[in-house]
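Enquirer: Take a look at final_35.csv, CSV, C-alpha atoms and all ligand atoms:
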```
chain,number,residue,atom,x,y,z
A,1,MET,CA,37.8,2.9,-4.8
A,2,LYS,CA,39.8,5.7,-3.2
A,3,ILE,CA,42.4,7.1,-5.7
A,4,GLU,CA,45.8,7.7,-4.3
A,5,ILE,CA,48.1,10.2,-6.0
A,6,ASP,CA,51.9,10.3,-5.4
A,7,TYR,CA,52.0,13.8,-3.7
A,8,ASN,CA,55.8,14.1,-3.8
A,9,LYS,CA,56.0,13.3,-7.5
A,10,ALA,CA,53.2,15.8,-8.2
A,11,LEU,CA,55.1,18.4,-6.2
A,12,ASP,CA,58.3,17.6,-8.1
A,13,LEU,CA,56.4,17.8,-11.4
A,14,THR,CA,54.8,21.1,-10.4
A,15,ARG,CA,58.1,22.7,-9.5
A,16,LYS,CA,59.7,21.6,-12.7
A,17,ILE,CA,56.8,22.9,-14.8
A,18,ILE,CA,56.8,26.3,-13.1
A,19,GLN,CA,60.5,26.6,-13.5
A,20,LEU,CA,60.4,25.9,-17.2
A,21,LYS,CA,57.6,28.5,-17.6
A,22,LYS,CA,59.6,31.1,-15.7
A,23,GLN,CA,62.7,30.6,-17.9
A,24,ASP,CA,60.7,31.8,-20.8
A,25,LYS,CA,62.5,29.5,-23.2
A,26,PHE,CA,61.0,27.2,-25.9
A,27,PRO,CA,58.0,26.6,-26.1
A,28,PHE,CA,57.0,29.5,-23.8
A,29,ASN,CA,58.9,32.2,-25.9
A,30,LYS,CA,56.8,31.1,-28.9
A,31,ILE,CA,53.3,30.4,-27.4
A,32,ILE,CA,50.4,32.7,-27.6
A,33,PHE,CA,47.8,31.6,-25.1
A,34,PRO,CA,44.5,31.8,-27.0
A,35,ASP,CA,42.4,32.7,-23.9
A,36,THR,CA,44.6,35.8,-23.3
A,37,ILE,CA,43.9,37.4,-26.7
A,38,ILE,CA,41.9,40.6,-26.4
A,39,PRO,CA,40.5,42.2,-29.6
A,40,LYS,CA,41.7,45.8,-30.1
A,41,ASN,CA,38.3,47.4,-29.6
A,42,ILE,CA,37.6,45.7,-26.3
A,43,GLU,CA,38.8,46.9,-23.0
A,44,LYS,CA,40.5,44.3,-20.7
A,45,GLY,CA,38.2,43.1,-17.9
A,46,SER,CA,35.2,44.9,-19.5
A,47,LYS,CA,31.7,43.3,-19.7
A,48,GLU,CA,32.4,42.4,-23.4
A,49,HIS,CA,35.7,40.9,-22.6
A,50,LEU,CA,34.3,38.7,-19.8
A,51,ALA,CA,31.5,37.7,-22.1
A,52,LEU,CA,34.1,36.6,-24.7
A,53,ILE,CA,35.8,34.5,-22.1
A,54,PHE,CA,32.5,33.1,-20.8
A,55,TYR,CA,31.2,32.0,-24.2
A,56,SER,CA,34.6,30.8,-25.5
A,57,THR,CA,35.1,28.6,-22.4
A,58,SER,CA,31.6,27.0,-22.8
A,59,LEU,CA,32.6,25.9,-26.3
A,60,ASP,CA,36.2,24.9,-25.4
A,61,SER,CA,36.0,21.1,-25.8
A,62,ASN,CA,36.9,18.6,-28.5
A,63,GLN,CA,38.6,21.2,-30.6
A,64,ARG,CA,41.7,23.3,-30.8
A,65,SER,CA,41.5,26.3,-28.6
A,66,ASP,CA,43.9,28.3,-30.7
A,67,LEU,CA,41.3,28.0,-33.5
A,68,LEU,CA,38.2,28.4,-31.3
A,69,TYR,CA,38.9,31.7,-29.6
A,70,PRO,CA,39.4,33.7,-32.9
A,71,LYS,CA,36.1,32.1,-34.1
A,72,VAL,CA,34.3,33.4,-31.1
A,73,ILE,CA,35.7,36.9,-31.7
A,74,ASN,CA,34.5,36.7,-35.2
A,75,PHE,CA,31.1,35.4,-34.1
A,76,ALA,CA,30.8,38.4,-31.6
A,77,ARG,CA,31.5,40.8,-34.5
A,78,GLU,CA,28.9,39.1,-36.8
A,79,ILE,CA,26.2,39.2,-34.2
A,80,GLY,CA,26.8,42.8,-33.3
A,81,GLY,CA,28.1,42.0,-29.8
A,82,LEU,CA,27.7,39.0,-27.5
A,83,GLU,CA,25.0,40.7,-25.4
A,84,ASN,CA,22.7,40.3,-28.5
A,85,ILE,CA,22.7,36.4,-28.5
A,86,ALA,CA,19.5,36.2,-26.4
A,87,GLU,CA,17.7,38.7,-28.6
A,88,ARG,CA,18.4,37.1,-32.0
A,89,SER,CA,15.7,34.8,-33.7
A,90,GLU,CA,16.6,31.2,-34.0
A,91,PRO,CA,17.1,31.2,-37.8
A,92,THR,CA,19.4,34.3,-37.6
A,93,LEU,CA,21.4,32.8,-34.7
A,94,ARG,CA,21.8,29.5,-36.4
A,95,ARG,CA,22.9,31.1,-39.6
A,96,ILE,CA,25.6,33.2,-37.9
A,97,ILE,CA,26.7,30.2,-35.8
A,98,LEU,CA,27.1,28.1,-39.0
A,99,SER,CA,29.1,30.8,-40.8
A,100,SER,CA,31.3,31.5,-37.8
A,101,PHE,CA,32.0,28.0,-36.5
A,102,GLY,CA,31.1,25.5,-39.3
A,103,ARG,CA,30.0,22.1,-38.1
A,104,ASN,CA,31.4,20.0,-35.3
A,105,SER,CA,29.5,16.9,-34.4
A,106,HIS,CA,30.8,17.0,-30.8
A,107,ILE,CA,29.5,20.4,-29.9
A,108,ASN,CA,26.0,21.8,-30.0
A,109,TYR,CA,26.9,25.5,-30.6
A,110,PHE,CA,23.3,26.7,-30.9
A,111,GLU,CA,22.1,25.0,-27.7
A,112,THR,CA,25.2,26.1,-25.7
A,113,LEU,CA,25.2,29.8,-26.8
A,114,LYS,CA,21.4,30.3,-26.7
A,115,THR,CA,20.9,28.5,-23.3
A,116,ASN,CA,23.7,30.3,-21.7
A,117,ALA,CA,22.7,33.7,-23.0
A,118,GLU,CA,19.2,33.2,-21.7
A,119,ILE,CA,20.5,32.2,-18.2
A,120,LEU,CA,22.9,35.1,-18.2
A,121,LYS,CA,20.2,37.5,-19.1
A,122,LYS,CA,17.6,36.1,-16.6
A,123,LYS,CA,19.9,35.7,-13.6
A,124,TYR,CA,22.9,38.0,-14.0
A,125,ASN,CA,21.9,41.0,-16.0
A,126,LYS,CA,23.9,39.8,-19.0
A,127,ASN,CA,27.0,40.3,-17.0
A,128,PRO,CA,29.3,37.2,-16.4
A,129,LYS,CA,31.1,39.1,-13.6
A,130,GLU,CA,27.9,38.8,-11.5
A,131,ILE,CA,28.2,35.0,-11.5
A,132,LYS,CA,30.8,35.2,-8.7
A,133,GLY,CA,29.8,33.5,-5.4
A,134,LYS,CA,31.3,34.2,-2.0
A,135,THR,CA,33.9,31.4,-2.3
A,136,VAL,CA,35.6,29.6,-5.2
A,137,LYS,CA,33.5,26.5,-4.4
A,138,GLU,CA,30.2,28.5,-4.6
A,139,THR,CA,31.3,30.2,-7.8
A,140,THR,CA,32.2,26.8,-9.4
A,141,GLU,CA,28.7,25.5,-8.5
A,142,LYS,CA,27.1,28.6,-10.0
A,143,ILE,CA,29.1,28.3,-13.2
A,144,CYS,CA,28.3,24.5,-13.5
A,145,LYS,CA,24.6,25.4,-13.8
A,146,PHE,CA,25.3,26.8,-17.3
A,147,PHE,CA,25.0,24.5,-20.3
A,148,ASN,CA,28.1,22.6,-21.3
A,149,TYR,CA,29.9,23.7,-18.2
A,150,GLY,CA,31.5,21.3,-15.6
A,151,PRO,CA,34.2,21.8,-13.0
A,152,GLU,CA,37.0,21.8,-15.5
A,153,LYS,CA,35.6,24.6,-17.7
A,154,ALA,CA,34.6,26.4,-14.5
A,155,ALA,CA,38.3,26.3,-13.4
A,156,LEU,CA,39.3,27.7,-16.8
A,157,MET,CA,36.7,30.5,-16.5
A,158,ILE,CA,37.7,31.4,-13.0
A,159,LYS,CA,41.4,31.4,-14.0
A,160,ASN,CA,40.8,34.0,-16.7
A,161,PHE,CA,38.4,36.1,-14.6
A,162,VAL,CA,41.1,36.3,-11.9
A,163,ARG,CA,43.8,36.8,-14.4
A,164,PHE,CA,42.0,39.9,-15.9
A,165,GLY,CA,41.1,41.3,-12.5
A,166,ALA,CA,37.3,40.7,-12.6
A,167,TRP,CA,37.3,38.4,-9.6
A,168,ASP,CA,39.6,38.8,-6.6
A,169,PHE,CA,40.2,35.2,-5.5
A,170,PRO,CA,43.9,34.5,-4.5
A,171,GLU,CA,45.8,33.0,-7.4
A,172,ASN,CA,47.0,30.1,-5.3
A,173,GLU,CA,43.5,29.2,-4.1
A,174,ILE,CA,41.8,28.5,-7.4
A,175,PRO,CA,41.9,25.1,-9.1
A,176,ILE,CA,43.6,24.3,-12.4
A,177,LYS,CA,41.7,22.7,-15.2
A,178,ILE,CA,42.4,18.9,-15.3
A,179,ASP,CA,42.4,18.5,-19.0
A,180,ARG,CA,43.9,15.9,-21.3
A,181,HIS,CA,47.4,17.5,-21.1
A,182,VAL,CA,47.4,17.4,-17.3
A,183,GLN,CA,46.1,13.8,-17.2
A,184,ARG,CA,48.6,12.6,-19.7
A,185,ILE,CA,51.6,14.4,-18.2
A,186,ASN,CA,50.8,13.2,-14.7
A,187,LEU,CA,50.5,9.7,-16.0
A,188,GLY,CA,53.7,9.9,-18.0
A,189,PHE,CA,55.6,11.4,-15.1
A,190,GLY,CA,54.5,8.6,-12.7
A,191,VAL,CA,52.2,10.7,-10.4
A,192,ILE,CA,49.5,8.1,-11.2
A,193,ASP,CA,50.6,4.6,-10.5
A,194,LYS,CA,49.7,2.8,-13.7
A,195,ASN,CA,50.6,-0.7,-12.4
A,196,LYS,CA,48.0,-0.2,-9.6
A,197,TYR,CA,45.2,1.4,-11.6
A,198,ALA,CA,45.5,0.0,-15.2
A,199,GLU,CA,42.4,-2.0,-16.3
A,200,GLU,CA,41.9,-4.6,-18.9
A,201,ILE,CA,40.5,-3.3,-22.2
A,202,THR,CA,38.1,-6.2,-22.5
A,203,ARG,CA,36.2,-5.2,-19.4
A,204,LYS,CA,32.8,-3.5,-19.3
A,205,GLY,CA,32.5,-3.1,-23.1
A,206,ILE,CA,35.3,-0.6,-23.2
A,207,ALA,CA,36.9,-2.3,-26.2
A,208,LYS,CA,33.7,-1.5,-28.1
A,209,LYS,CA,33.9,2.2,-27.3
A,210,LEU,CA,37.6,2.2,-28.1
A,211,GLN,CA,37.1,0.4,-31.4
A,212,LEU,CA,38.3,3.2,-33.7
A,213,THR,CA,41.2,4.0,-31.4
A,214,LEU,CA,42.3,0.4,-31.3
A,215,ILE,CA,42.2,0.2,-35.1
A,216,ASN,CA,44.4,3.3,-35.3
A,217,LEU,CA,46.9,2.0,-32.7
A,218,LYS,CA,47.1,-1.3,-34.5
A,219,LYS,CA,47.6,0.4,-37.9
A,220,ARG,CA,50.6,2.3,-36.4
A,221,GLY,CA,52.0,-0.8,-34.9
A,222,TYR,CA,51.6,0.2,-31.2
A,223,ILE,CA,49.4,-2.8,-30.4
A,224,THR,CA,48.5,-6.1,-31.9
A,225,GLN,CA,45.2,-8.1,-31.9
A,226,GLN,CA,47.0,-10.6,-29.7
A,227,ASP,CA,47.9,-8.0,-27.1
A,228,ILE,CA,44.2,-7.1,-26.9
A,229,SER,CA,42.9,-10.7,-26.7
A,230,GLU,CA,45.5,-11.6,-24.1
A,231,ASN,CA,44.8,-8.4,-22.1
A,232,LYS,CA,48.4,-7.3,-22.4
A,233,SER,CA,47.5,-3.8,-23.4
A,234,ARG,CA,45.7,-2.1,-20.5
A,235,ILE,CA,44.1,1.3,-20.0
A,236,ILE,CA,43.7,4.1,-17.5
A,237,THR,CA,40.2,5.6,-17.2
A,238,ALA,CA,40.9,9.4,-17.0
A,239,LYS,CA,37.8,10.5,-15.1
A,240,LYS,CA,38.7,8.4,-12.1
A,241,PHE,CA,41.7,10.6,-11.5
A,242,THR,CA,40.2,14.1,-12.2
A,243,ASN,CA,39.1,15.0,-8.7
A,244,ALA,CA,42.2,13.6,-7.0
A,245,LEU,CA,44.5,15.5,-9.4
A,246,ARG,CA,42.5,18.7,-8.9
A,247,GLU,CA,42.7,18.4,-5.1
A,248,THR,CA,46.4,17.5,-5.2
A,249,HIS,CA,47.3,20.4,-7.3
A,250,LEU,CA,45.2,22.8,-5.2
A,251,LYS,CA,47.0,21.6,-2.1
A,252,ILE,CA,50.3,22.2,-3.8
A,253,THR,CA,49.5,25.7,-5.1
A,254,LYS,CA,48.2,26.6,-1.6
A,255,GLU,CA,51.1,25.2,0.3
A,256,GLU,CA,53.8,26.3,-2.1
A,257,ASN,CA,52.1,29.6,-2.9
A,258,ILE,CA,52.2,28.9,-6.6
A,259,SER,CA,49.8,30.8,-8.9
A,260,ALA,CA,47.3,28.4,-10.4
A,261,ILE,CA,47.1,30.7,-13.4
A,262,GLU,CA,50.9,30.2,-14.1
A,263,LEU,CA,50.6,26.4,-13.5
A,264,ASP,CA,47.5,26.0,-15.7
A,265,ASP,CA,49.2,28.0,-18.5
A,266,ALA,CA,52.4,26.0,-18.1
A,267,TYR,CA,50.6,22.7,-18.4
A,268,TRP,CA,48.8,23.9,-21.5
A,269,GLY,CA,52.0,25.3,-23.0
A,270,ILE,CA,54.0,22.1,-22.5
A,271,GLY,CA,51.1,19.8,-23.5
A,272,SER,CA,50.3,21.6,-26.7
A,273,GLY,CA,53.8,23.1,-27.5
A,274,LEU,CA,56.1,20.2,-26.6
A,275,CYS,CA,54.3,16.9,-26.0
A,276,ASN,CA,52.5,17.3,-29.3
A,277,PHE,CA,55.8,16.8,-31.3
A,278,ASN,CA,55.5,13.2,-30.1
A,279,ASP,CA,59.2,12.9,-30.3
A,280,THR,CA,61.6,12.0,-27.5
A,281,LYS,CA,64.3,14.2,-29.0
A,282,TYR,CA,62.1,17.3,-28.1
A,283,CYS,CA,61.4,15.9,-24.7
A,284,TYR,CA,65.1,15.5,-23.9
A,285,LEU,CA,66.2,18.7,-25.5
A,286,TYR,CA,63.6,21.1,-24.1
A,287,CYS,CA,61.6,19.5,-21.3
A,288,PRO,CA,62.9,18.9,-17.8
A,289,LEU,CA,60.1,16.4,-17.1
A,290,LYS,CA,61.7,13.6,-19.1
A,291,CYS,CA,58.5,11.5,-18.9
A,292,GLU,CA,59.0,7.8,-18.9
A,293,ILE,CA,56.2,7.5,-21.4
A,294,ARG,CA,53.9,9.6,-23.6
A,295,PRO,CA,50.7,7.5,-23.6
A,296,PRO,CA,48.2,7.8,-26.5
A,297,SER,CA,44.5,8.2,-25.7
A,298,ASP,CA,41.2,8.0,-27.6
A,299,ASP,CA,40.0,11.2,-29.3
A,300,ASN,CA,38.2,12.5,-26.2
A,301,ALA,CA,41.0,11.5,-23.8
A,302,ASN,CA,38.6,9.4,-21.8
A,303,TRP,CA,41.1,6.5,-21.7
A,304,PHE,CA,44.9,6.4,-21.9
A,305,PHE,CA,47.2,3.5,-22.8
A,306,PRO,CA,49.9,3.7,-20.1
A,307,TYR,CA,52.1,1.0,-21.5
A,308,ILE,CA,52.4,2.5,-25.0
A,309,ASP,CA,54.9,5.2,-25.8
A,310,LYS,CA,53.6,7.3,-28.7
A,311,ARG,CA,56.8,9.2,-29.3
A,312,LYS,CA,59.3,8.7,-32.1
A,313,ASN,CA,62.9,8.0,-31.2
A,314,SER,CA,61.9,6.6,-27.8
A,315,TYR,CA,64.3,3.7,-27.6
A,316,LEU,CA,67.3,5.5,-29.2
A,317,VAL,CA,67.1,8.7,-27.2
A,318,LYS,CA,66.4,7.2,-23.8
A,319,HIS,CA,69.3,4.9,-24.2
A,320,LEU,CA,71.7,7.6,-25.4
A,321,PHE,CA,70.8,9.8,-22.4
A,322,LYS,CA,70.9,7.1,-19.8
B,401,LIG,S1,57.4,17.1,-23.7
B,401,LIG,FE1,57.9,15.0,-23.3
B,401,LIG,S2,58.9,14.9,-21.3
B,401,LIG,FE2,57.8,16.9,-21.5
B,401,LIG,S3,55.8,16.5,-20.6
B,401,LIG,FE3,55.6,16.1,-22.8
B,401,LIG,S4,56.0,13.9,-23.1
B,401,LIG,FE4,56.7,14.5,-21.0
```
What would you get if you wrote out this structure as structure tokens?
Expert:
Amino acid sequence: MKIEIDYNKALDLTRKIIQLKKQDKFPFNKIIFPDTIIPKNIEKGSKEHLALIFYSTSLDSNQRSDLLYPKVINFAREIGGLENIAERSEPTLRRIILSSFGRNSHINYFETLKTNAEILKKKYNKNPKEIKGKTVKETTEKICKFFNYGPEKAALMIKNFVRFGAWDFPENEIPIKIDRHVQRINLGFGVIDKNKYAEEITRKGIAKKLQLTLINLKKRGYITQQDISENKSRIITAKKFTNALRETHLKITKEENISAIELDDAYWGIGSGLCNFNDTKYCYLYCPLKCEIRPPSDDNANWFFPYIDKRKNSYLVKHLFK
């Protein structure tokens, strides 16, 4: 099925997001972007700095990035520099990984770090800068050959390599990362037509995969068993919209000459700094987007519930500001 995105709404959303970021008000006057932190002893854009970005990005899923990036910095220190990953014996590497990252059942730290270090050594002289292809597309394809990397993480890596001057792609011609924040905000703002694309939970065994999420939503009173049985609560499958959202945003940044670095940062800032309050008071006080809804999702943000508003004070605030 061809996915249609409301281009005009996406454009309106993009302009509002960029405007908010430029004003440098809350949350942007408070946020520290974890992927921009450079340890004191490392030079900006150097081989070590790029390695830090490369390995951090490979691990940047299913966990908070503000906690992950400092852990990778610590790991680099413990191992005596990231260029040493490929040289360390398996027991040593496993020991340092465990003490630096702890356990996370969603991420295979050892496999990710070891495999990527070996590819980097074999094909790129241990230097992530050399991964660059002739075009953004070719570079994305080359990055996606690494373990635990796909187009979204490739977009994040390209963004930071361009930000720190390692690669010279124009800022308005690189993609943004379509992560959970981007998916959710586009859904809440109406860029994705939920009435057209929402699916029944009971189809294709999805209810089974969503078992824990449904228990949680029921506990919090967002949904009842009757809603599920009668197919009243429907879901949006996030991955169906990833490519269309990426292409739409790329078209917008190109046509409007907007930096994808700014836009990507802005989405992350709003998503983690504002949406996460889950409170309509914050939305109406600080955010120009005034989303109709702030839909919950499962832990991995594979599915969103577009008819449930997760925010507190939703009814009261919306009606006061009407
Ligand atoms: S803070 Fe509120 S209005 Fe702004 S994007 Fe998040 S949910 Fe939407």
Enquirer: Would you mind listing, for every residue of chain A within 12 Å of ligand LIG 401 (chain B), the two atoms forming the shortest contact and the distance between them in Å to one decimal, using all atoms listed in the file, sorted by chain and ascending residue number, as JSON lines?
Expert:
```
{"residue": "A:Leu13", "atom": "CA", "partner": "B:LIG401", "partner_atom": "S3", "distance": 9.3}
{"residue": "A:Thr14", "atom": "CA", "partner": "B:LIG401", "partner_atom": "S3", "distance": 11.2}
{"residue": "A:Lys16", "atom": "CA", "partner": "B:LIG401", "partner_atom": "FE2", "distance": 10.2}
{"residue": "A:Ile17", "atom": "CA", "partner": "B:LIG401", "partner_atom": "S3", "distance": 8.7}
{"residue": "A:Leu20", "atom": "CA", "partner": "B:LIG401", "partner_atom": "FE2", "distance": 10.3}
{"residue": "A:Phe26", "atom": "CA", "partner": "B:LIG401", "partner_atom": "S1", "distance": 10.9}
{"residue": "A:Pro27", "atom": "CA", "partner": "B:LIG401", "partner_atom": "S1", "distance": 9.8}
{"residue": "A:Arg180", "atom": "CA", "partner": "B:LIG401", "partner_atom": "FE3", "distance": 11.8}
{"residue": "A:His181", "atom": "CA", "partner": "B:LIG401", "partner_atom": "S3", "distance": 8.5}
{"residue": "A:Val182", "atom": "CA", "partner": "B:LIG401", "partner_atom": "S3", "distance": 9.1}
{"residue": "A:Gln183", "atom": "CA", "partner": "B:LIG401", "partner_atom": "S3", "distance": 10.6}
{"residue": "A:Arg184", "atom": "CA", "partner": "B:LIG401", "partner_atom": "S3", "distance": 8.2}
{"residue": "A:Ile185", "atom": "CA", "partner": "B:LIG401", "partner_atom": "S3", "distance": 5.3}
{"residue": "A:Asn186", "atom": "CA", "partner": "B:LIG401", "partner_atom": "S3", "distance": 8.4}
{"residue": "A:Leu187", "atom": "CA", "partner": "B:LIG401", "partner_atom": "FE4", "distance": 9.3}
{"residue": "A:Gly188", "atom": "CA", "partner": "B:LIG401", "partner_atom": "FE4", "distance": 6.3}
{"residue": "A:Phe189", "atom": "CA", "partner": "B:LIG401", "partner_atom": "FE4", "distance": 6.8}
{"residue": "A:Gly190", "atom": "CA", "partner": "B:LIG401", "partner_atom": "FE4", "distance": 10.4}
{"residue": "A:Ala266", "atom": "CA", "partner": "B:LIG401", "partner_atom": "S3", "distance": 10.4}
{"residue": "A:Tyr267", "atom": "CA", "partner": "B:LIG401", "partner_atom": "S3", "distance": 8.4}
{"residue": "A:Trp268", "atom": "CA", "partner": "B:LIG401", "partner_atom": "S3", "distance": 10.2}
{"residue": "A:Gly269", "atom": "CA", "partner": "B:LIG401", "partner_atom": "S1", "distance": 9.8}
{"residue": "A:Ile270", "atom": "CA", "partner": "B:LIG401", "partner_atom": "S1", "distance": 6.2}
{"residue": "A:Gly271", "atom": "CA", "partner": "B:LIG401", "partner_atom": "FE3", "distance": 5.9}
{"residue": "A:Ser272", "atom": "CA", "partner": "B:LIG401", "partner_atom": "FE3", "distance": 8.6}
{"residue": "A:Gly273", "atom": "CA", "partner": "B:LIG401", "partner_atom": "S1", "distance": 8.0}
{"residue": "A:Leu274", "atom": "CA", "partner": "B:LIG401", "partner_atom": "S1", "distance": 4.4}
{"residue": "A:Cys275", "atom": "CA", "partner": "B:LIG401", "partner_atom": "FE3", "distance": 3.5}
{"residue": "A:Asn276", "atom": "CA", "partner": "B:LIG401", "partner_atom": "FE3", "distance": 7.3}
{"residue": "A:Phe277", "atom": "CA", "partner": "B:LIG401", "partner_atom": "S1", "distance": 7.8}
{"residue": "A:Asn278", "atom": "CA", "partner": "B:LIG401", "partner_atom": "S4", "distance": 7.1}
{"residue": "A:Asp279", "atom": "CA", "partner": "B:LIG401", "partner_atom": "FE1", "distance": 7.4}
{"residue": "A:Thr280", "atom": "CA", "partner": "B:LIG401", "partner_atom": "FE1", "distance": 6.4}
{"residue": "A:Lys281", "atom": "CA", "partner": "B:LIG401", "partner_atom": "FE1", "distance": 8.6}
{"residue": "A:Tyr282", "atom": "CA", "partner": "B:LIG401", "partner_atom": "S1", "distance": 6.4}
{"residue": "A:Cys283", "atom": "CA", "partner": "B:LIG401", "partner_atom": "FE1", "distance": 3.9}
{"residue": "A:Tyr284", "atom": "CA", "partner": "B:LIG401", "partner_atom": "S2", "distance": 6.7}
{"residue": "A:Leu285", "atom": "CA", "partner": "B:LIG401", "partner_atom": "S1", "distance": 9.1}
{"residue": "A:Tyr286", "atom": "CA", "partner": "B:LIG401", "partner_atom": "S1", "distance": 7.4}
{"residue": "A:Cys287", "atom": "CA", "partner": "B:LIG401", "partner_atom": "FE2", "distance": 4.6}
{"residue": "A:Pro288", "atom": "CA", "partner": "B:LIG401", "partner_atom": "FE2", "distance": 6.6}
{"residue": "A:Leu289", "atom": "CA", "partner": "B:LIG401", "partner_atom": "S2", "distance": 4.6}
{"residue": "A:Lys290", "atom": "CA", "partner": "B:LIG401", "partner_atom": "S2", "distance": 3.8}
{"residue": "A:Cys291", "atom": "CA", "partner": "B:LIG401", "partner_atom": "FE4", "distance": 4.1}
{"residue": "A:Glu292", "atom": "CA", "partner": "B:LIG401", "partner_atom": "FE4", "distance": 7.4}
{"residue": "A:Ile293", "atom": "CA", "partner": "B:LIG401", "partner_atom": "S4", "distance": 6.6}
{"residue": "A:Arg294", "atom": "CA", "partner": "B:LIG401", "partner_atom": "S4", "distance": 4.8}
{"residue": "A:Pro295", "atom": "CA", "partner": "B:LIG401", "partner_atom": "S4", "distance": 8.3}
{"residue": "A:Pro296", "atom": "CA", "partner": "B:LIG401", "partner_atom": "S4", "distance": 10.5}
{"residue": "A:Asp309", "atom": "CA", "partner": "B:LIG401", "partner_atom": "S4", "distance": 9.2}
{"residue": "A:Lys310", "atom": "CA", "partner": "B:LIG401", "partner_atom": "S4", "distance": 9.0}
{"residue": "A:Arg311", "atom": "CA", "partner": "B:LIG401", "partner_atom": "S4", "distance": 7.8}
{"residue": "A:Lys312", "atom": "CA", "partner": "B:LIG401", "partner_atom": "S4", "distance": 10.9}
{"residue": "A:Asn313", "atom": "CA", "partner": "B:LIG401", "partner_atom": "FE1", "distance": 11.7}
{"residue": "A:Ser314", "atom": "CA", "partner": "B:LIG401", "partner_atom": "FE1", "distance": 10.3}
{"residue": "A:Val317", "atom": "CA", "partner": "B:LIG401", "partner_atom": "FE1", "distance": 11.8}
{"residue": "A:Lys318", "atom": "CA", "partner": "B:LIG401", "partner_atom": "S2", "distance": 11.0}
```
Enquirer: Grab the residues selected above and save them as a CSV table (one decimal), in the coordinates of the input with C-alpha atoms.
Expert:
```csv
chain,number,residue,atom,x,y,z
A,13,LEU,CA,56.4,17.8,-11.4
A,14,THR,CA,54.8,21.1,-10.4
A,16,LYS,CA,59.7,21.6,-12.7
A,17,ILE,CA,56.8,22.9,-14.8
A,20,LEU,CA,60.4,25.9,-17.2
A,26,PHE,CA,61.0,27.2,-25.9
A,27,PRO,CA,58.0,26.6,-26.1
A,180,ARG,CA,43.9,15.9,-21.3
A,181,HIS,CA,47.4,17.5,-21.1
A,182,VAL,CA,47.4,17.4,-17.3
A,183,GLN,CA,46.1,13.8,-17.2
A,184,ARG,CA,48.6,12.6,-19.7
A,185,ILE,CA,51.6,14.4,-18.2
A,186,ASN,CA,50.8,13.2,-14.7
A,187,LEU,CA,50.5,9.7,-16.0
A,188,GLY,CA,53.7,9.9,-18.0
A,189,PHE,CA,55.6,11.4,-15.1
A,190,GLY,CA,54.5,8.6,-12.7
A,266,ALA,CA,52.4,26.0,-18.1
A,267,TYR,CA,50.6,22.7,-18.4
A,268,TRP,CA,48.8,23.9,-21.5
A,269,GLY,CA,52.0,25.3,-23.0
A,270,ILE,CA,54.0,22.1,-22.5
A,271,GLY,CA,51.1,19.8,-23.5
A,272,SER,CA,50.3,21.6,-26.7
A,273,GLY,CA,53.8,23.1,-27.5
A,274,LEU,CA,56.1,20.2,-26.6
A,275,CYS,CA,54.3,16.9,-26.0
A,276,ASN,CA,52.5,17.3,-29.3
A,277,PHE,CA,55.8,16.8,-31.3
A,278,ASN,CA,55.5,13.2,-30.1
A,279,ASP,CA,59.2,12.9,-30.3
A,280,THR,CA,61.6,12.0,-27.5
A,281,LYS,CA,64.3,14.2,-29.0
A,282,TYR,CA,62.1,17.3,-28.1
A,283,CYS,CA,61.4,15.9,-24.7
A,284,TYR,CA,65.1,15.5,-23.9
A,285,LEU,CA,66.2,18.7,-25.5
A,286,TYR,CA,63.6,21.1,-24.1
A,287,CYS,CA,61.6,19.5,-21.3
A,288,PRO,CA,62.9,18.9,-17.8
A,289,LEU,CA,60.1,16.4,-17.1
A,290,LYS,CA,61.7,13.6,-19.1
A,291,CYS,CA,58.5,11.5,-18.9
A,292,GLU,CA,59.0,7.8,-18.9
A,293,ILE,CA,56.2,7.5,-21.4
A,294,ARG,CA,53.9,9.6,-23.6
A,295,PRO,CA,50.7,7.5,-23.6
A,296,PRO,CA,48.2,7.8,-26.5
A,309,ASP,CA,54.9,5.2,-25.8
A,310,LYS,CA,53.6,7.3,-28.7
A,311,ARG,CA,56.8,9.2,-29.3
A,312,LYS,CA,59.3,8.7,-32.1
A,313,ASN,CA,62.9,8.0,-31.2
A,314,SER,CA,61.9,6.6,-27.8
A,317,VAL,CA,67.1,8.7,-27.2
A,318,LYS,CA,66.4,7.2,-23.8
```
Enquirer: As an exercise, work out the distance from atom CA of A:Ile158 to atom CA of A:Lys129 in Å and give it to one decimal place.
Expert: 10.2 Å
Enquirer: Can you tell me, as a list in words, what residues are no more than 12 Å from A:Glu130 when counting all atoms listed in the file, ignoring any on the same chain fewer than 5 positions away?
Expert: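 Surrounding residues, per the criterion: Lys47, Leu50, Ala51, Phe54, Ile119, Leu120, Lys121, Lys122, Lys123, Tyr124, Asn125, Thr139, Lys142, Ile143, Phe161, Ala166 and Trp167 of chain A.
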Enquirer: Find, counting only C-alpha atoms, the residue in A:Lys153, A:Asp265, A:Ser233, A:Asn300 that gets nearest to A:Ile32.
Expert: A:Asp265
Enquirer: What does the distance from atom CA of A:Ile261 to atom CA of A:Asp66 come to in Å, to one decimal?
Expert: 17.8 Å
Enquirer: Would you mind telling me which residue in A:Trp303, A:Phe241, A:Phe169, A:Phe75 lies nearest to A:Tyr109 when using only C-alpha atoms?
Expert: A:Phe75
Enquirer: Of the candidates A:Ser56, A:Gln19, A:Asn108, A:Thr242, which one gets nearest to A:Val72 if we count all atoms listed in the file?
Expert: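 Once distances to A:Val72 are computed over all atoms listed in the file, the minimum belongs to A:Ser56.
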Enquirer: Show me the residues around (45.5, 4.9, -31.5) - criterion: an atom at most 7 Å away, only C-alpha atoms counted - as a ChimeraX atom specification.
Expert: /A:213-217,296-298
